[in-house]
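Trainee: First the structure, then my questions, so here it is.
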Amino acid sequence: MIKIEKKDIWLFLAQVAVWTVVLFALPLATLLSTQDFAATKTSFFVVWGLLHAPLLVYFANFYILGPYLFFKRRYWLFVLINLLLIIGTNYGFFYVWLFRENLPEMPNMSTNMWIGFFSGFFMFLILNCVMVAIAIGIRHFLRVRRIKQQLKDEKAKNTEAELAWLKNQINPHFLFNTLNNISSLTQIDPDAAQDAIAQLSDLLRYAMYETNKKTVPIQGEVEFMRNYISLMKLRCNEKTEVNCQFSIVNSQLEVAPLLFISLIENAFKHGVSSSRPSRIDISLTTYPSPIGGGQEGAVGGSLVFTCDNTNYPKDDADRSGSGIGLENTRRRLDLMYANRYTWEQQLTPDNIYHVCIKVES
């Protein structure tokens, strides 16, 4: 069953409107200039006699021969039916030519008249062929545009599915490491472990119910990071120094949920040693949009996230994580902030692992 959409009806009406203008332009001009209805009627029938065949050829190719023959690569059948259609709609020319001896006025036609007749016939055949080309050209343009839109929609669906998959990769990874932290804490301080479980409950509540949107308010993300860092600090000893700085100029700014958690997680995993001095510096700063004029209510803007930590690489025997955090973060940035973010990553000479991400919202 052929599905007719609203845009198909509008397209048909638009084409009818164009052909109506073409058919009635000359009769209307005749009426306005002569005020003679008989002349106007004659003018219309002359125009109709000349253009009814191209009109039929155009619509036949646009709605039938093009979609069901040409674009399905049935070229020979397409050409054959078009030849029969053009001959059939222009039978008057062929009739005059084939039966010219039986028509009383034809034998008296001069050579120049016959040259004019065949020249007009030839030009009329070209006009019909042009109508075929125009119909196929417009249909091809609309077809290509529809295919591009379908590909665009499909790409958008795939992107949404990939983002959802990446986010689902982050949540279990985060939960796995946090539970390891609490498990270690239960042997040292059960009361602190109980408080940590309450914190974890708040974190999971946010991760499950507040991050289902494409973007979330920056304030919620900052609170989540504060709680997460507080929870991660429980496993650190007195040799570890953790510094956090959050400067939120525009509280209305929104960001992809859980975007920086993997980086913070890696800082604690690879930046903390139980026997040597360790340091982790985390900062998040937002900047207002130039259009917003630095006002608190400005929705646009940018943010800069930095994370510096001492570098204590884990050996192959350490299985405390799958190592997908950085890869997932980079992929999410590519999908959500393509050409709107910068990523700086390096190991400094004094063995400090540095990551800086700037995102334009």
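The chains in the structure tokens are called A, B, ... from first to last as shown; in each chain the residues are counted from 1, and the ligands are counted from 1 in the order shown.
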Just want the 12 Å neighbourhood of Leu204 (chain A), counted on only C-alpha atoms, with same-chain residues fewer than 2 positions away dropped. Output as a list in words.
Mentor: Asn171, Pro172, Phe174, Leu175, Phe176, Thr178, Leu179, Ile197, Ala198, Gln199, Leu200, Ser201, Asp202, Tyr206, Ala207, Met208, Tyr209, Glu210, Thr211, Phe224, Asn227, Tyr228 and Leu258 of chain A
Trainee: If we count only C-alpha atoms and set the cut-off at 10 Å, which residues sit around Ala60 (chain A), ignoring sequence neighbours fewer than 3 positions away in its own chain? Please answer as a PDB file with N, CA, C and O atoms, in the first residue's frame.
Mentor:
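That gives us selection36.pdb:
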ATOM      1  N   PRO A  54       2.730  17.773 -23.136  1.00  0.00           N
ATOM      2  CA  PRO A  54       3.836  17.879 -22.180  1.00  0.00           C
ATOM      3  C   PRO A  54       3.392  17.753 -20.721  1.00  0.00           C
ATOM      4  O   PRO A  54       4.111  17.186 -19.904  1.00  0.00           O
ATOM      5  N   LEU A  55       2.202  18.284 -20.413  1.00  0.00           N
ATOM      6  CA  LEU A  55       1.691  18.173 -19.037  1.00  0.00           C
ATOM      7  C   LEU A  55       1.496  16.710 -18.653  1.00  0.00           C
ATOM      8  O   LEU A  55       1.904  16.269 -17.572  1.00  0.00           O
ATOM      9  N   LEU A  56       0.848  15.956 -19.541  1.00  0.00           N
ATOM     10  CA  LEU A  56       0.616  14.538 -19.270  1.00  0.00           C
ATOM     11  C   LEU A  56       1.924  13.771 -19.175  1.00  0.00           C
ATOM     12  O   LEU A  56       2.102  12.915 -18.292  1.00  0.00           O
ATOM     13  N   VAL A  57       2.866  14.084 -20.070  1.00  0.00           N
ATOM     14  CA  VAL A  57       4.174  13.417 -20.040  1.00  0.00           C
ATOM     15  C   VAL A  57       4.896  13.715 -18.733  1.00  0.00           C
ATOM     16  O   VAL A  57       5.500  12.827 -18.115  1.00  0.00           O
ATOM     17  N   TYR A  63       5.278  10.724 -11.395  1.00  0.00           N
ATOM     18  CA  TYR A  63       4.597   9.884 -10.413  1.00  0.00           C
ATOM     19  C   TYR A  63       4.592   8.394 -10.743  1.00  0.00           C
ATOM     20  O   TYR A  63       4.336   7.579  -9.859  1.00  0.00           O
ATOM     21  N   ILE A  64       4.860   8.024 -11.987  1.00  0.00           N
ATOM     22  CA  ILE A  64       4.761   6.599 -12.341  1.00  0.00           C
ATOM     23  C   ILE A  64       6.055   6.073 -12.961  1.00  0.00           C
ATOM     24  O   ILE A  64       6.726   5.201 -12.390  1.00  0.00           O
ATOM     25  N   LEU A  65       6.409   6.606 -14.121  1.00  0.00           N
ATOM     26  CA  LEU A  65       7.543   6.044 -14.865  1.00  0.00           C
ATOM     27  C   LEU A  65       8.872   6.261 -14.148  1.00  0.00           C
ATOM     28  O   LEU A  65       9.736   5.375 -14.169  1.00  0.00           O
ATOM     29  N   GLY A  66       9.033   7.415 -13.522  1.00  0.00           N
ATOM     30  CA  GLY A  66      10.284   7.672 -12.798  1.00  0.00           C
ATOM     31  C   GLY A  66      10.465   6.753 -11.604  1.00  0.00           C
ATOM     32  O   GLY A  66      11.441   5.986 -11.530  1.00  0.00           O
ATOM     33  N   ASN A  82       7.893   5.715 -22.649  1.00  0.00           N
ATOM     34  CA  ASN A  82       7.907   7.148 -22.915  1.00  0.00           C
ATOM     35  C   ASN A  82       7.722   7.439 -24.402  1.00  0.00           C
ATOM     36  O   ASN A  82       7.015   8.393 -24.768  1.00  0.00           O
ATOM     37  N   LEU A  85       4.160   6.927 -25.112  1.00  0.00           N
ATOM     38  CA  LEU A  85       3.373   8.007 -24.503  1.00  0.00           C
ATOM     39  C   LEU A  85       3.482   9.287 -25.318  1.00  0.00           C
ATOM     40  O   LEU A  85       2.469   9.965 -25.574  1.00  0.00           O
ATOM     41  N   VAL A 132      10.219  15.146 -19.813  1.00  0.00           N
ATOM     42  CA  VAL A 132      10.680  13.899 -19.182  1.00  0.00           C
ATOM     43  C   VAL A 132      11.901  14.173 -18.317  1.00  0.00           C
ATOM     44  O   VAL A 132      11.983  13.740 -17.164  1.00  0.00           O
ATOM     45  N   ALA A 135      10.954  16.210 -15.149  1.00  0.00           N
ATOM     46  CA  ALA A 135      10.254  15.380 -14.166  1.00  0.00           C
ATOM     47  C   ALA A 135      11.219  14.451 -13.436  1.00  0.00           C
ATOM     48  O   ALA A 135      11.186  14.330 -12.213  1.00  0.00           O
TER      49      ALA A 135
END
Trainee: Within 10 Å of Phe78 (chain A), counting only C-alpha atoms, which residues show up once you throw out same-chain ones fewer than 6 positions away? Write them as a PyMOL selection string, please.
Mentor: chain A and resi 61+65-66+68-72
Trainee: Using N, CA and C atoms, can you write the selected residues to a file as a PDB file, in the first residue's frame?
Mentor:
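Full text of again.pdb as output:
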ATOM      1  N   ASN A  61       5.701  10.785 -15.857  1.00  0.00           N
ATOM      2  CA  ASN A  61       7.080  10.464 -15.488  1.00  0.00           C
ATOM      3  C   ASN A  61       7.361  10.758 -14.019  1.00  0.00           C
ATOM      4  N   LEU A  65       6.409   6.606 -14.121  1.00  0.00           N
ATOM      5  CA  LEU A  65       7.543   6.044 -14.865  1.00  0.00           C
ATOM      6  C   LEU A  65       8.872   6.261 -14.148  1.00  0.00           C
ATOM      7  N   GLY A  66       9.033   7.415 -13.522  1.00  0.00           N
ATOM      8  CA  GLY A  66      10.284   7.672 -12.798  1.00  0.00           C
ATOM      9  C   GLY A  66      10.465   6.753 -11.604  1.00  0.00           C
ATOM     10  N   TYR A  68       8.870   3.979 -10.640  1.00  0.00           N
ATOM     11  CA  TYR A  68       8.696   2.543 -10.794  1.00  0.00           C
ATOM     12  C   TYR A  68       9.514   1.927 -11.929  1.00  0.00           C
ATOM     13  N   LEU A  69      10.099   2.760 -12.779  1.00  0.00           N
ATOM     14  CA  LEU A  69      10.913   2.220 -13.864  1.00  0.00           C
ATOM     15  C   LEU A  69      12.330   2.789 -13.852  1.00  0.00           C
ATOM     16  N   PHE A  70      12.458   4.108 -13.958  1.00  0.00           N
ATOM     17  CA  PHE A  70      13.787   4.720 -14.087  1.00  0.00           C
ATOM     18  C   PHE A  70      14.646   4.454 -12.858  1.00  0.00           C
ATOM     19  N   PHE A  71      14.108   4.709 -11.653  1.00  0.00           N
ATOM     20  CA  PHE A  71      14.903   4.557 -10.439  1.00  0.00           C
ATOM     21  C   PHE A  71      15.028   3.097  -9.992  1.00  0.00           C
ATOM     22  N   LYS A  72      14.340   2.209 -10.696  1.00  0.00           N
ATOM     23  CA  LYS A  72      14.524   0.786 -10.458  1.00  0.00           C
ATOM     24  C   LYS A  72      15.336   0.150 -11.581  1.00  0.00           C
TER      25      LYS A  72
END
Trainee: For each of A:Thr310, A:Ile138, A:Thr329, A:Gln15, take the minimum atom-to-atom distance to Pro349 (chain A), counting only C-alpha atoms, then give the residue where this is smallest.
Mentor: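 Among the listed residues, A:Thr310 lies closest to Pro349 (chain A).
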Trainee: Skipping near chain neighbours, those fewer than 2 positions away, what residues fall within 8 Å of region 239-252 of chain A using only C-alpha atoms, listed as JSON, numbers by chain?
Mentor: {"A": [217, 218, 219, 222, 233, 236, 237, 254, 272, 273, 274, 275, 276, 277, 278, 279, 280, 281, 282, 283, 284, 285, 286, 287, 288, 294, 295, 296, 297, 298, 299, 301]}
Trainee: Would you mind reading off the distance between CA of Glu344 (chain A) and CA of Lys269 (chain A), one decimal, in Å?
Mentor: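 CA of Lys269 (chain A) lies at a distance of 19.6 Å from CA of Glu344 (chain A).
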Trainee: At a cut-off of 12 Å, using only C-alpha atoms, what residues contact Trp48 (chain A)? Leave out same-chain residues fewer than 3 positions from it and give the result as a list in words.
Mentor: Trp19, Thr20, Val22, Leu23, Phe24, Ala25, Leu26, Pro27, Lys41, Thr42, Ser43, Phe44, Phe45, Leu51, His52, Ala53, Pro54, Leu55 and Leu56 of chain A
Trainee: Pick from A:Leu203, A:Phe12, A:Lys213, A:Thr186: nearest to Arg226 (chain A), with only C-alpha atoms counted?
Mentor: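 Among the listed residues, the smallest separation from Arg226 (chain A) belongs to A:Leu203.
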Trainee: CA of Cys129 (chain A) and CA of Ala29 (chain A) are how many Å apart?
Mentor: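 Interatomic distance here is 27.8 Å.
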Trainee: In Å, how far is it from CA of Asp189 (chain A) to CA of Glu221 (chain A)?
Mentor: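 Computing the Euclidean distance for CA of Asp189 (chain A) and CA of Glu221 (chain A) yields 28.4 Å.
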